[in-house]
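What follows is run04.txt (compact mmCIF, C-alpha atoms).
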# COMPACT_ATOMS: atom_id res chain seq x y z
CA MET F 1 5.82 13.87 3.99
CA ASP F 2 9.43 12.69 4.33
CA ILE F 3 11.07 10.46 1.73
CA ARG F 4 10.74 7.23 3.67
CA ASN F 5 7.03 7.70 4.37
CA ARG F 6 6.42 8.73 0.75
CA ILE F 7 7.96 5.45 -0.46
CA ALA F 8 6.03 3.37 2.10
CA LYS F 9 2.71 5.08 1.29
CA ARG F 10 3.13 4.51 -2.45
CA ALA F 11 4.21 0.87 -2.03
CA ALA F 12 1.15 0.23 0.17
CA GLU F 13 -1.10 1.27 -2.75
CA TYR F 14 -0.44 -2.17 -4.25
CA PHE F 15 -2.34 -3.86 -1.40
CA LYS F 16 -6.08 -4.45 -1.48
CA ALA F 17 -8.55 -5.62 1.14
CA GLY F 18 -8.27 -9.37 1.68
CA ASP F 19 -4.57 -9.51 0.81
CA VAL F 20 -2.08 -11.15 3.15
CA VAL F 21 1.26 -9.37 2.88
CA ASN F 22 4.79 -9.73 4.28
CA LEU F 23 6.84 -6.63 5.06
CA GLY F 24 10.60 -6.45 5.46
CA VAL F 25 12.41 -4.26 7.97
CA GLY F 26 13.00 -0.52 7.51
CA ILE F 27 10.90 1.40 4.96
CA PRO F 28 8.89 -1.75 4.00
CA GLY F 29 7.74 -2.12 7.62
CA MET F 30 6.23 1.37 7.47
CA CYS F 31 3.80 0.27 4.71
CA SER F 32 1.37 -1.07 7.33
CA ASP F 33 0.62 2.53 8.36
CA TYR F 34 -0.78 3.22 4.88
CA ALA F 35 -2.52 -0.06 3.95
CA VAL F 36 -6.26 -0.06 3.25
CA PRO F 37 -8.44 -1.76 5.89
CA GLY F 38 -8.74 -5.51 5.43
CA VAL F 39 -5.09 -6.20 4.60
CA MET F 40 -3.51 -8.73 6.97
CA PHE F 41 0.20 -8.95 7.68
CA HIS F 42 2.27 -12.13 7.78
CA THR F 43 5.48 -12.39 9.77
CA GLU F 44 7.90 -15.17 8.85
CA ASN F 45 8.37 -16.31 12.44
CA GLY F 46 4.91 -17.83 12.19
CA PHE F 47 1.90 -15.55 12.32
CA ILE F 48 -0.76 -13.90 10.17
CA GLY F 49 -2.53 -10.96 11.79
CA VAL F 50 0.27 -8.70 12.94
CA GLY F 51 -1.34 -5.49 14.23
CA PRO F 52 -0.01 -2.27 15.69
CA ALA F 53 3.02 -2.14 17.98
CA ALA F 54 2.10 -3.10 21.55
CA THR F 55 2.55 -0.69 24.43
CA GLY F 56 2.42 -1.13 28.22
CA VAL F 57 0.48 -4.20 29.38
CA GLN F 58 -0.22 -5.21 25.75
CA LYS F 59 3.41 -6.27 25.43
CA VAL F 60 3.55 -10.08 25.32
CA GLU F 61 6.80 -11.71 24.17
CA ALA F 62 4.94 -14.47 22.34
CA PHE F 63 3.48 -11.83 20.00
CA SER F 64 6.77 -10.68 18.47
CA ASN F 65 7.29 -9.90 14.81
CA ALA F 66 10.41 -10.75 12.80
CA SER F 67 12.05 -7.52 14.00
CA SER F 68 11.45 -8.52 17.64
CA THR F 69 8.81 -5.80 18.06
CA GLU F 70 5.85 -6.88 20.19
CA PHE F 71 2.55 -6.36 18.40
CA VAL F 72 -1.17 -6.52 19.11
CA PRO F 73 -2.76 -9.37 17.10
CA VAL F 74 -5.79 -8.46 14.97
CA PHE F 75 -9.12 -10.32 14.81
CA GLY F 76 -8.78 -13.47 12.70
CA SER F 77 -5.10 -14.07 13.51
CA CYS F 78 -3.46 -17.47 13.28
CA ALA F 79 -0.14 -18.95 14.42
CA PHE F 80 1.96 -21.69 12.82
CA ASP F 81 5.49 -23.08 12.81
CA SER F 82 8.37 -21.90 10.60
CA ALA F 83 7.90 -24.66 8.00
CA GLU F 84 4.24 -23.76 7.51
CA SER F 85 5.15 -20.09 7.51
CA PHE F 86 7.45 -20.58 4.53
CA ALA F 87 5.04 -23.05 2.92
CA ILE F 88 2.59 -20.12 2.85
CA VAL F 89 5.36 -17.98 1.32
CA ARG F 90 6.56 -20.38 -1.38
CA SER F 91 3.12 -21.63 -2.39
CA GLY F 92 1.89 -18.21 -3.48
CA ARG F 93 -0.59 -17.54 -0.67
CA LEU F 94 0.87 -14.09 0.02
CA ALA F 95 -0.37 -11.36 -2.32
CA ALA F 96 2.73 -9.23 -1.91
CA THR F 97 6.02 -8.76 -0.14
CA VAL F 98 7.77 -5.44 0.27
CA LEU F 99 11.54 -5.67 0.62
CA GLY F 100 14.50 -3.33 0.67
CA GLY F 101 17.02 -3.38 -2.16
CA LEU F 102 20.75 -2.88 -2.66
CA GLN F 103 20.72 -3.50 -6.43
CA ILE F 104 18.05 -4.31 -8.99
CA ALA F 105 18.99 -5.41 -12.49
CA GLU F 106 17.27 -4.65 -15.76
CA ASN F 107 15.87 -8.22 -15.89
CA GLY F 108 14.40 -8.09 -12.37
CA ASP F 109 17.28 -9.77 -10.51
CA LEU F 110 17.40 -8.59 -6.89
CA ALA F 111 20.40 -8.24 -4.57
CA ASN F 112 19.31 -7.19 -1.10
CA TRP F 113 20.90 -9.41 1.55
CA THR F 114 24.57 -8.54 1.55
CA ARG F 115 27.30 -6.51 -0.01
CA PRO F 116 30.22 -8.45 -1.52
CA GLY F 117 32.28 -9.93 1.31
CA GLY F 118 29.60 -9.45 3.97
CA LYS F 119 28.19 -12.76 5.09
CA PHE F 120 25.62 -12.16 7.79
CA GLY F 121 22.71 -14.09 6.32
CA MET F 122 19.72 -13.91 4.03
CA GLY F 123 17.06 -14.71 6.62
CA GLY F 124 13.80 -15.30 4.78
CA ALA F 125 14.39 -13.00 1.79
CA MET F 126 15.36 -15.73 -0.69
CA ASP F 127 12.20 -17.66 0.10
CA LEU F 128 9.99 -14.58 -0.13
CA VAL F 129 11.13 -13.73 -3.66
CA ASN F 130 10.42 -17.33 -4.75
CA GLY F 131 6.67 -17.60 -4.46
CA VAL F 132 5.05 -14.42 -3.23
CA ARG F 133 2.72 -13.22 -6.00
CA LYS F 134 4.02 -9.63 -6.16
CA VAL F 135 7.56 -8.67 -5.15
CA ILE F 136 7.80 -4.95 -4.44
CA VAL F 137 11.14 -3.31 -3.69
CA ALA F 138 10.85 -0.13 -1.64
CA MET F 139 14.10 1.82 -1.51
CA GLU F 140 15.80 5.10 -2.25
CA LEU F 141 16.68 5.43 -5.94
CA CYS F 142 20.45 5.80 -5.40
CA ALA F 143 22.93 4.63 -2.79
CA LYS F 144 24.14 7.11 -0.13
CA ASN F 145 27.23 7.87 -2.25
CA GLY F 146 24.98 8.67 -5.21
CA SER F 147 25.80 5.53 -7.21
CA PRO F 148 22.90 3.87 -9.05
CA LYS F 149 21.07 0.97 -7.41
CA ILE F 150 19.13 0.17 -10.56
CA VAL F 151 21.83 -1.41 -12.71
CA LYS F 152 22.34 -3.42 -15.90
CA ASP F 153 23.59 -6.45 -13.95
CA CYS F 154 23.85 -6.93 -10.20
CA SER F 155 27.43 -7.09 -8.90
CA TYR F 156 26.26 -7.91 -5.37
CA PRO F 157 25.27 -11.47 -4.33
CA LEU F 158 21.76 -12.20 -5.58
CA THR F 159 18.68 -12.79 -3.46
CA GLY F 160 16.76 -14.11 -6.46
CA LYS F 161 16.74 -14.18 -10.25
CA ARG F 162 14.11 -12.29 -12.27
CA CYS F 163 11.90 -11.89 -9.23
CA VAL F 164 11.08 -8.17 -8.87
CA ASN F 165 7.72 -6.84 -10.11
CA HIS F 166 7.70 -3.21 -8.91
CA VAL F 167 10.31 -0.76 -7.65
CA VAL F 168 9.08 2.17 -5.57
CA THR F 169 11.53 4.96 -4.83
CA GLU F 170 11.23 8.51 -3.53
CA GLN F 171 11.43 9.82 -7.11
CA CYS F 172 9.65 7.27 -9.27
CA VAL F 173 7.86 3.96 -9.68
CA ILE F 174 9.29 1.41 -12.12
CA ASP F 175 7.71 -1.85 -13.29
CA VAL F 176 9.84 -4.78 -14.41
CA THR F 177 8.43 -6.03 -17.73
CA PRO F 178 9.61 -8.59 -20.30
CA GLN F 179 10.56 -5.63 -22.53
CA GLY F 180 12.64 -3.95 -19.82
CA LEU F 181 12.19 -1.42 -17.04
CA LEU F 182 9.04 0.63 -17.51
CA LEU F 183 8.89 4.04 -15.86
CA VAL F 184 5.27 4.39 -14.75
CA GLU F 185 5.38 7.30 -12.27
CA VAL F 186 7.63 10.27 -11.76
CA LEU F 187 7.63 12.60 -8.77
CA ASP F 188 5.82 15.89 -9.23
CA GLY F 189 8.44 18.37 -10.50
CA LEU F 190 10.82 15.80 -12.04
CA SER F 191 11.09 14.60 -15.64
CA PRO F 192 11.79 11.08 -17.01
CA GLU F 193 15.24 12.40 -17.99
CA ASP F 194 15.96 13.24 -14.34
CA ILE F 195 15.31 9.60 -13.45
CA GLN F 196 17.20 8.20 -16.46
CA ARG F 197 20.36 10.03 -15.35
CA GLN F 198 20.33 8.12 -12.03
CA VAL F 199 19.92 4.57 -13.36
CA GLU F 200 22.14 2.42 -15.58
CA PRO F 201 19.69 0.61 -17.87
CA ARG F 202 17.66 2.41 -20.53
CA LEU F 203 14.16 3.09 -19.16
CA ILE F 204 11.02 2.71 -21.25
CA VAL F 205 8.71 5.63 -20.46
CA SER F 206 5.11 4.54 -20.08
CA SER F 207 2.64 6.06 -22.52
CA SER F 208 0.41 6.65 -19.50
CA LEU F 209 3.11 8.12 -17.24
CA LYS F 210 1.63 9.33 -13.96
CA GLN F 211 2.71 11.94 -11.47
CA MET F 212 3.83 10.65 -8.07
CA GLU F 213 2.62 12.67 -5.10
CA ARG F 214 5.18 14.41 -2.94
CA MET Q 1 19.18 -27.75 17.63
CA ILE Q 2 17.68 -24.95 19.63
CA GLY Q 3 14.22 -23.43 19.17
CA GLY Q 4 13.53 -19.74 19.06
CA PHE Q 5 13.49 -16.71 16.83
CA MET Q 6 15.61 -13.83 18.13
CA GLY Q 7 15.24 -15.32 21.62
CA CYS Q 8 11.44 -15.56 21.47
CA GLY Q 9 10.57 -19.21 22.08
CA SER Q 10 14.08 -20.25 23.09
CA PRO Q 11 14.53 -22.59 26.10
CA HIS Q 12 16.26 -20.02 28.30
CA GLY Q 13 16.74 -22.28 31.31
CA LEU Q 14 18.43 -24.98 29.22
CA ILE Q 15 20.69 -22.40 27.58
CA ASP Q 16 21.67 -20.99 30.98
CA GLU Q 17 22.48 -24.50 32.16
CA LEU Q 18 24.71 -25.16 29.12
CA VAL Q 19 26.59 -21.96 29.97
CA ARG Q 20 26.85 -22.93 33.67
CA GLN Q 21 28.25 -26.37 32.76
CA GLY Q 22 30.55 -24.84 30.13
CA LYS Q 23 29.58 -27.38 27.43
CA LYS Q 24 32.08 -26.57 24.70
CA ASP Q 25 32.57 -27.11 20.96
CA LEU Q 26 28.86 -27.12 20.26
CA THR Q 27 27.35 -27.11 16.80
CA VAL Q 28 24.17 -25.03 17.05
CA ILE Q 29 21.40 -25.36 14.48
CA ALA Q 30 18.86 -22.56 14.95
CA ASN Q 31 17.20 -19.74 13.06
CA ASP Q 32 19.60 -17.10 14.42
CA THR Q 33 21.97 -16.31 17.28
CA ALA Q 34 19.74 -13.53 18.66
CA ARG Q 35 21.70 -10.69 20.28
CA PRO Q 36 24.68 -10.71 22.66
CA GLY Q 37 23.49 -11.94 26.05
CA VAL Q 38 20.04 -12.95 24.76
CA GLY Q 39 18.92 -16.54 24.16
CA ILE Q 40 21.38 -18.42 21.94
CA GLY Q 41 23.54 -15.27 22.05
CA LYS Q 42 24.58 -16.36 25.57
CA LEU Q 43 26.26 -19.47 24.14
CA ILE Q 44 28.11 -17.30 21.62
CA SER Q 45 29.18 -14.80 24.30
CA ALA Q 46 30.53 -17.68 26.42
CA LYS Q 47 32.50 -18.96 23.37
CA LEU Q 48 30.93 -22.42 23.62
CA VAL Q 49 30.01 -22.74 19.95
CA LYS Q 50 32.30 -23.96 17.18
CA LYS Q 51 29.74 -24.02 14.37
CA VAL Q 52 26.42 -22.31 13.69
CA VAL Q 53 23.88 -23.32 11.06
CA ALA Q 54 21.41 -20.43 10.85
CA SER Q 55 19.48 -18.19 8.46
CA HIS Q 56 21.17 -15.01 9.68
CA ILE Q 57 23.66 -13.69 12.22
CA GLY Q 58 23.13 -10.02 11.35
CA THR Q 59 21.79 -9.13 14.79
CA ASN Q 60 24.70 -10.52 16.79
CA PRO Q 61 28.04 -8.69 16.34
CA GLU Q 62 29.77 -11.25 18.60
CA THR Q 63 28.85 -14.08 16.21
CA GLN Q 64 30.17 -11.98 13.34
CA ALA Q 65 33.40 -11.16 15.18
CA GLN Q 66 34.07 -14.82 16.07
CA MET Q 67 33.34 -15.82 12.47
CA ILE Q 68 35.74 -13.20 11.10
CA ALA Q 69 38.38 -14.23 13.66
CA GLY Q 70 38.04 -17.81 12.41
CA SER Q 71 37.03 -19.36 15.74
CA LEU Q 72 33.42 -19.93 14.65
CA GLU Q 73 32.22 -21.58 11.47
CA VAL Q 74 28.93 -20.23 10.13
CA ASP Q 75 26.75 -22.02 7.59
CA LEU Q 76 24.01 -19.71 6.29
CA VAL Q 77 20.80 -21.32 5.04
CA PRO Q 78 17.70 -19.49 3.76
CA GLN Q 79 15.12 -19.54 6.52
CA GLY Q 80 12.44 -21.50 4.67
CA THR Q 81 15.03 -23.98 3.46
CA LEU Q 82 16.39 -24.40 6.99
CA ALA Q 83 12.88 -25.17 8.23
CA GLU Q 84 12.33 -27.69 5.44
CA ARG Q 85 15.72 -29.38 5.89
CA VAL Q 86 15.01 -29.85 9.58
CA ARG Q 87 11.50 -31.03 8.75
CA ALA Q 88 12.91 -33.49 6.20
CA ALA Q 89 15.14 -35.06 8.86
CA GLY Q 90 12.28 -35.28 11.33
CA PHE Q 91 9.83 -36.66 8.80
CA GLY Q 92 12.12 -39.39 7.49
CA LEU Q 93 12.69 -37.85 4.06
CA GLY Q 94 15.91 -38.17 2.06
CA ALA Q 95 15.88 -34.60 0.74
CA ILE Q 96 13.60 -31.75 -0.21
CA VAL Q 97 13.61 -29.80 -3.47
CA THR Q 98 12.99 -26.05 -3.39
CA PRO Q 99 13.15 -23.11 -5.79
CA THR Q 100 14.68 -20.96 -3.03
CA GLY Q 101 18.29 -20.02 -3.76
CA VAL Q 102 18.38 -21.01 -7.44
CA GLY Q 103 20.87 -18.74 -9.22
CA THR Q 104 22.41 -17.51 -5.94
CA VAL Q 105 25.41 -18.54 -3.83
CA VAL Q 106 23.11 -21.00 -2.06
CA GLU Q 107 23.17 -23.12 -5.22
CA ASP Q 108 26.98 -23.55 -5.11
CA GLY Q 109 27.96 -27.23 -4.90
CA LYS Q 110 24.36 -28.46 -4.88
CA ARG Q 111 22.47 -30.69 -7.28
CA THR Q 112 19.58 -29.19 -9.21
CA ILE Q 113 16.56 -30.93 -10.65
CA ASP Q 114 14.15 -29.73 -13.35
CA ILE Q 115 10.50 -30.56 -12.76
CA ASP Q 116 7.82 -29.36 -15.17
CA GLY Q 117 10.20 -26.81 -16.65
CA ARG Q 118 11.21 -25.28 -13.33
CA THR Q 119 14.60 -25.62 -11.63
CA PHE Q 120 14.85 -26.66 -7.98
CA LEU Q 121 17.74 -27.18 -5.58
CA VAL Q 122 18.14 -30.54 -3.88
CA GLU Q 123 18.54 -29.75 -0.17
CA LEU Q 124 19.55 -32.43 2.31
CA PRO Q 125 18.08 -33.12 5.77
CA ILE Q 126 19.61 -31.61 8.92
CA SER Q 127 19.40 -33.62 12.12
CA ALA Q 128 21.06 -33.31 15.53
CA ASP Q 129 22.05 -35.24 18.64
CA PHE Q 130 19.87 -33.02 20.84
CA ALA Q 131 16.88 -30.73 20.38
CA LEU Q 132 16.35 -28.11 23.06
CA VAL Q 133 12.70 -27.17 22.78
CA ASN Q 134 10.67 -24.42 24.43
CA ALA Q 135 6.96 -25.12 24.91
CA LYS Q 136 4.12 -23.18 26.50
CA ARG Q 137 2.58 -26.30 28.06
CA ALA Q 138 3.58 -29.90 28.48
CA ASP Q 139 1.57 -32.71 30.07
CA TYR Q 140 3.16 -35.44 32.19
CA ARG Q 141 3.51 -37.68 29.13
CA GLY Q 142 5.37 -35.00 27.18
CA ASN Q 143 2.66 -33.77 24.83
CA LEU Q 144 3.53 -30.18 23.94
CA SER Q 145 1.66 -27.05 22.92
CA TYR Q 146 3.14 -23.69 22.04
CA ALA Q 147 2.32 -19.99 22.28
CA PHE Q 148 1.88 -17.87 19.14
CA THR Q 149 5.21 -16.74 17.62
CA ALA Q 150 7.16 -18.65 20.30
CA ARG Q 151 6.31 -21.79 18.31
CA ASN Q 152 8.60 -21.06 15.31
CA PHE Q 153 11.20 -23.86 14.90
CA ASN Q 154 10.32 -25.74 18.10
CA PRO Q 155 7.90 -28.37 16.69
CA LEU Q 156 10.29 -28.98 13.78
CA ILE Q 157 13.42 -29.60 15.87
CA ALA Q 158 11.41 -31.78 18.26
CA MET Q 159 11.03 -34.25 15.37
CA ALA Q 160 14.63 -34.09 14.13
CA ALA Q 161 16.94 -34.96 17.03
CA GLU Q 162 18.09 -38.12 18.76
CA VAL Q 163 17.33 -36.77 22.26
CA VAL Q 164 14.58 -34.21 22.76
CA ILE Q 165 14.57 -32.06 25.91
CA ALA Q 166 11.58 -29.78 26.32
CA GLU Q 167 11.44 -26.84 28.69
CA ALA Q 168 7.83 -25.94 29.38
CA GLU Q 169 6.34 -22.87 31.02
CA ASP Q 170 3.61 -25.05 32.56
CA ILE Q 171 3.65 -28.81 33.15
CA VAL Q 172 0.09 -30.06 33.56
CA PRO Q 173 -1.71 -33.37 34.15
CA VAL Q 174 -2.38 -35.64 31.20
CA GLY Q 175 -5.66 -34.57 29.61
CA ALA Q 176 -5.26 -30.90 30.53
CA ILE Q 177 -4.05 -30.26 26.99
CA ASP Q 178 -6.88 -31.13 24.62
CA PRO Q 179 -5.54 -33.84 22.24
CA ASP Q 180 -6.58 -31.63 19.33
CA SER Q 181 -4.35 -28.85 20.72
CA VAL Q 182 -1.25 -31.02 21.03
CA VAL Q 183 1.29 -29.85 18.45
CA THR Q 184 4.22 -32.12 19.36
CA PRO Q 185 3.14 -35.67 20.28
CA HIS Q 186 4.74 -37.11 23.45
CA VAL Q 187 6.30 -40.00 21.51
CA VAL Q 188 9.16 -37.76 20.35
CA VAL Q 189 9.86 -36.06 23.71
CA ASP Q 190 12.46 -37.66 25.99
CA TYR Q 191 12.82 -35.23 28.90
CA LEU Q 192 10.74 -32.43 30.42
CA VAL Q 193 12.18 -29.52 32.38
CA PRO Q 194 10.00 -26.94 34.12
CA GLN Q 195 10.77 -23.37 33.13
CA GLU Q 196 11.92 -21.30 36.07
CA LYS Q 197 9.31 -18.71 36.95
CA LYS Q 198 10.60 -15.17 36.68
CA ASN Q 199 8.21 -13.63 39.20
CA GLY Q 200 8.02 -15.96 42.17
Please go through the file and, once you have read it, give me the structure as structure tokens.
Amino acid sequence: MDIRNRIAKRAAEYFKAGDVVNLGVGIPGMCSDYAVPGVMFHTENGFIGVGPAATGVQKVEAFSNASSTEFVPVFGSCAFDSAESFAIVRSGRLAATVLGGLQIAENGDLANWTRPGGKFGMGGAMDLVNGVRKVIVAMELCAKNGSPKIVKDCSYPLTGKRCVNHVVTEQCVIDVTPQGLLLVEVLDGLSPEDIQRQVEPRLIVSSSLKQMER
Amino acid sequence: MIGGFMGCGSPHGLIDELVRQGKKDLTVIANDTARPGVGIGKLISAKLVKKVVASHIGTNPETQAQMIAGSLEVDLVPQGTLAERVRAAGFGLGAIVTPTGVGTVVEDGKRTIDIDGRTFLVELPISADFALVNAKRADYRGNLSYAFTARNFNPLIAMAAEVVIAEAEDIVPVGAIDPDSVVTPHVVVDYLVPQEKKNG
């Protein structure tokens, strides 16, 4: 399994039947391929019940997700306007959201909408991290240039303060706790020290550390 | 104000007509500016817009280029906050308070309020001279219903503008839309325009 699918599969393990979940673009969007049956997907443009990508005659523009991909609605779907869509987000009706990340701080601050100087918009990310019951960041552990993305303090513009619950990367799973960042899973073949070298803050290694499947 | 999310649910005929008439110096309030040549992106490509209030412009490099060149002002608002600010204007409210954006650049220059130990931003209403709405169906009185994700901001902007122009895919006799299925009541709609059929 490639790195991106490994991250998506592991992040999807947080979902359970009956959950309604919002997925961001990129790796987070791939989580739907690995969710248990009974999970429904919310899209911020106003729909719960996003199903598989539509093909051929199934393609109807009025069933488009937030990435402009046409989908097939699942049984039990519902449609609503943008205000209701974000009412559902802020009021805690969504069990989880999976987002990408540029930087995550030791205290759970998230920066994921722009690099310094870039100003192309936060879309719905700031709302999602303020109300969804579980905020899961699915991303590669380090930036392309090898610099750490898990840092002491975010230098990039924030999406939200103290909002992240879980970080799933291709090498490990980290929980944000009041005591600090807790390393709960490490990829088969790697040690906690291998992870520690790639992040800025001191990690607490869980007493029940698990092995993450390749 | 223009309905639509990445072009889905935008009033394409009304946008084309704005381009044809060359209506300049527009302030556009919408979720996004879609892509070049698509939906609201057509107004950007034709350089008719002087200011955009939107939740993101990441999908339209022309919007970004005009912003960087200084010919287009862009005000970025979190999507849920944008929806609520438009709703506040349409619903006759003086402001809304939201946790979204606390501790981020969105907070800059805004009042905060603490309620039950939690901090919220005070966000002000956004209204407009015109709302350009896309509906699935309209009856002769102007009652509107929408289709799935093409609904998005349309019912909100229909409440929040001085003049409301609705482009509908089908215009049907009064009664053909079940009153329970009406999303936007006719009392807020000023003009109806039939959507041009693509296939004959």
inquiry  = I'd like the neighbourhood of Ala66 of chain F as an MDAnalysis selection string, where a residue qualifies if any of its atoms comes within 7 Å (using only C-alpha atoms), though same-chain residues fewer than 3 positions away should be ignored.
reply    = chainID F and resid 43:45
If you keep C-alpha atoms, can you produce a file of those selected residues as a PDB file, in the coordinates of the input?
ATOM      1  CA  THR F  43       5.480 -12.390   9.770  1.00  0.00           C
ATOM      2  CA  GLU F  44       7.900 -15.170   8.850  1.00  0.00           C
ATOM      3  CA  ASN F  45       8.370 -16.310  12.440  1.00  0.00           C
TER       4      ASN F  45
END
task = For chain F, report every residue with an atom at most 6 Å from chain Q (counting all atoms listed in the file), formatted as a PyMOL selection string.
result = chain F and resi 45-46+62-63+79+81-83+86+120-124+126-127+130+158
message = Can you measure atom CA of Phe130 of chain Q to atom CA of Ser71 of chain Q for me? One decimal in Å is fine.
response = 22.5 Å
Applying 8 Å and all atoms listed in the file, which residues near Glu185 of chain F remain after dropping the ones on its own chain fewer than 4 positions away? List them as a compact mmCIF listing (two decimals) with C-alpha atoms, in the frame of the given file.
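What ended up in part05.txt:
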# COMPACT_ATOMS: atom_id res chain seq x y z
CA CYS F 172 9.65 7.27 -9.27
CA VAL F 173 7.86 3.96 -9.68
CA ILE F 174 9.29 1.41 -12.12
CA LEU F 209 3.11 8.12 -17.24
CA LYS F 210 1.63 9.33 -13.96
CA GLN F 211 2.71 11.94 -11.47
CA MET F 212 3.83 10.65 -8.07
key: Shortest interatomic distance to Gly92 of chain F - which of F:Val199, F:Val186, F:Val132, F:Ala105, counting only C-alpha atoms   =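 Ranking F:Val199, F:Val186, F:Val132, F:Ala105 by distance to Gly92 of chain F, first place goes to F:Val132.
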ask   = Counting all atoms listed in the file, what is within 9 Å of Gly26 of chain F, bar same-chain residues fewer than 4 positions away, as number ranges by chain?
value = F: 4, 30, 99-100
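Atom CA of Thr177 of chain F lies 26.3 Å from atom CA of Val36 of chain F.
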message = So, with all atoms listed in the file as the atoms that count, which of Q:Asp25, Q:Asp139, Q:Asp114, Q:Glu169 lies closest to Ser10 of chain Q?
response =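 Of Q:Asp25, Q:Asp139, Q:Asp114, Q:Glu169, the one nearest Ser10 of chain Q, counting all atoms listed in the file, is Q:Glu169.
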key: Best match for closeness to Glu140 of chain F among F:Gly118, F:Leu128, F:Glu170, F:Ala12, counting all atoms listed in the file   =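 That would be F:Glu170, the residue with the smallest distance to Glu140 of chain F.
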Output requested as a CSV table (one decimal), in the coordinates of the input - segment 113-130 of chain F, filled out with N, CA and C atoms.
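Saved to part.csv:
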chain,number,residue,atom,x,y,z
F,113,TRP,N,20.6,-8.8,0.2
F,113,TRP,CA,20.9,-9.4,1.6
F,113,TRP,C,22.3,-9.1,2.0
F,114,THR,N,23.2,-8.8,1.1
F,114,THR,CA,24.6,-8.5,1.6
F,114,THR,C,25.3,-7.8,0.5
F,115,ARG,N,26.3,-7.1,0.9
F,115,ARG,CA,27.3,-6.5,0.0
F,115,ARG,C,28.4,-7.6,-0.2
F,116,PRO,N,29.2,-7.4,-1.3
F,116,PRO,CA,30.2,-8.4,-1.5
F,116,PRO,C,31.1,-8.5,-0.3
F,117,GLY,N,31.4,-9.8,0.2
F,117,GLY,CA,32.3,-9.9,1.3
F,117,GLY,C,31.5,-10.0,2.6
F,118,GLY,N,30.4,-9.3,2.7
F,118,GLY,CA,29.6,-9.4,4.0
F,118,GLY,C,28.9,-10.8,4.0
F,119,LYS,N,28.8,-11.4,5.1
F,119,LYS,CA,28.2,-12.8,5.1
F,119,LYS,C,27.4,-12.9,6.4
F,120,PHE,N,26.3,-12.1,6.5
F,120,PHE,CA,25.6,-12.2,7.8
F,120,PHE,C,24.2,-12.8,7.7
F,121,GLY,N,23.9,-13.3,6.4
F,121,GLY,CA,22.7,-14.1,6.3
F,121,GLY,C,21.6,-13.5,5.6
F,122,MET,N,20.8,-14.3,4.9
F,122,MET,CA,19.7,-13.9,4.0
F,122,MET,C,18.4,-14.0,4.7
F,123,GLY,N,18.3,-14.6,5.9
F,123,GLY,CA,17.1,-14.7,6.6
F,123,GLY,C,16.0,-15.3,5.7
F,124,GLY,N,14.9,-14.7,5.6
F,124,GLY,CA,13.8,-15.3,4.8
F,124,GLY,C,13.7,-14.7,3.4
F,125,ALA,N,14.6,-13.8,3.0
F,125,ALA,CA,14.4,-13.0,1.8
F,125,ALA,C,14.4,-13.9,0.6
F,126,MET,N,15.3,-14.9,0.5
F,126,MET,CA,15.4,-15.7,-0.7
F,126,MET,C,14.1,-16.6,-0.9
F,127,ASP,N,13.5,-16.9,0.2
F,127,ASP,CA,12.2,-17.7,0.1
F,127,ASP,C,11.1,-16.7,-0.4
F,128,LEU,N,11.1,-15.5,0.2
F,128,LEU,CA,10.0,-14.6,-0.1
F,128,LEU,C,9.9,-14.2,-1.6
F,129,VAL,N,11.1,-14.1,-2.2
F,129,VAL,CA,11.1,-13.7,-3.7
F,129,VAL,C,10.8,-14.9,-4.6
F,130,ASN,N,10.7,-16.1,-4.0
F,130,ASN,CA,10.4,-17.3,-4.8
F,130,ASN,C,9.0,-17.8,-4.4
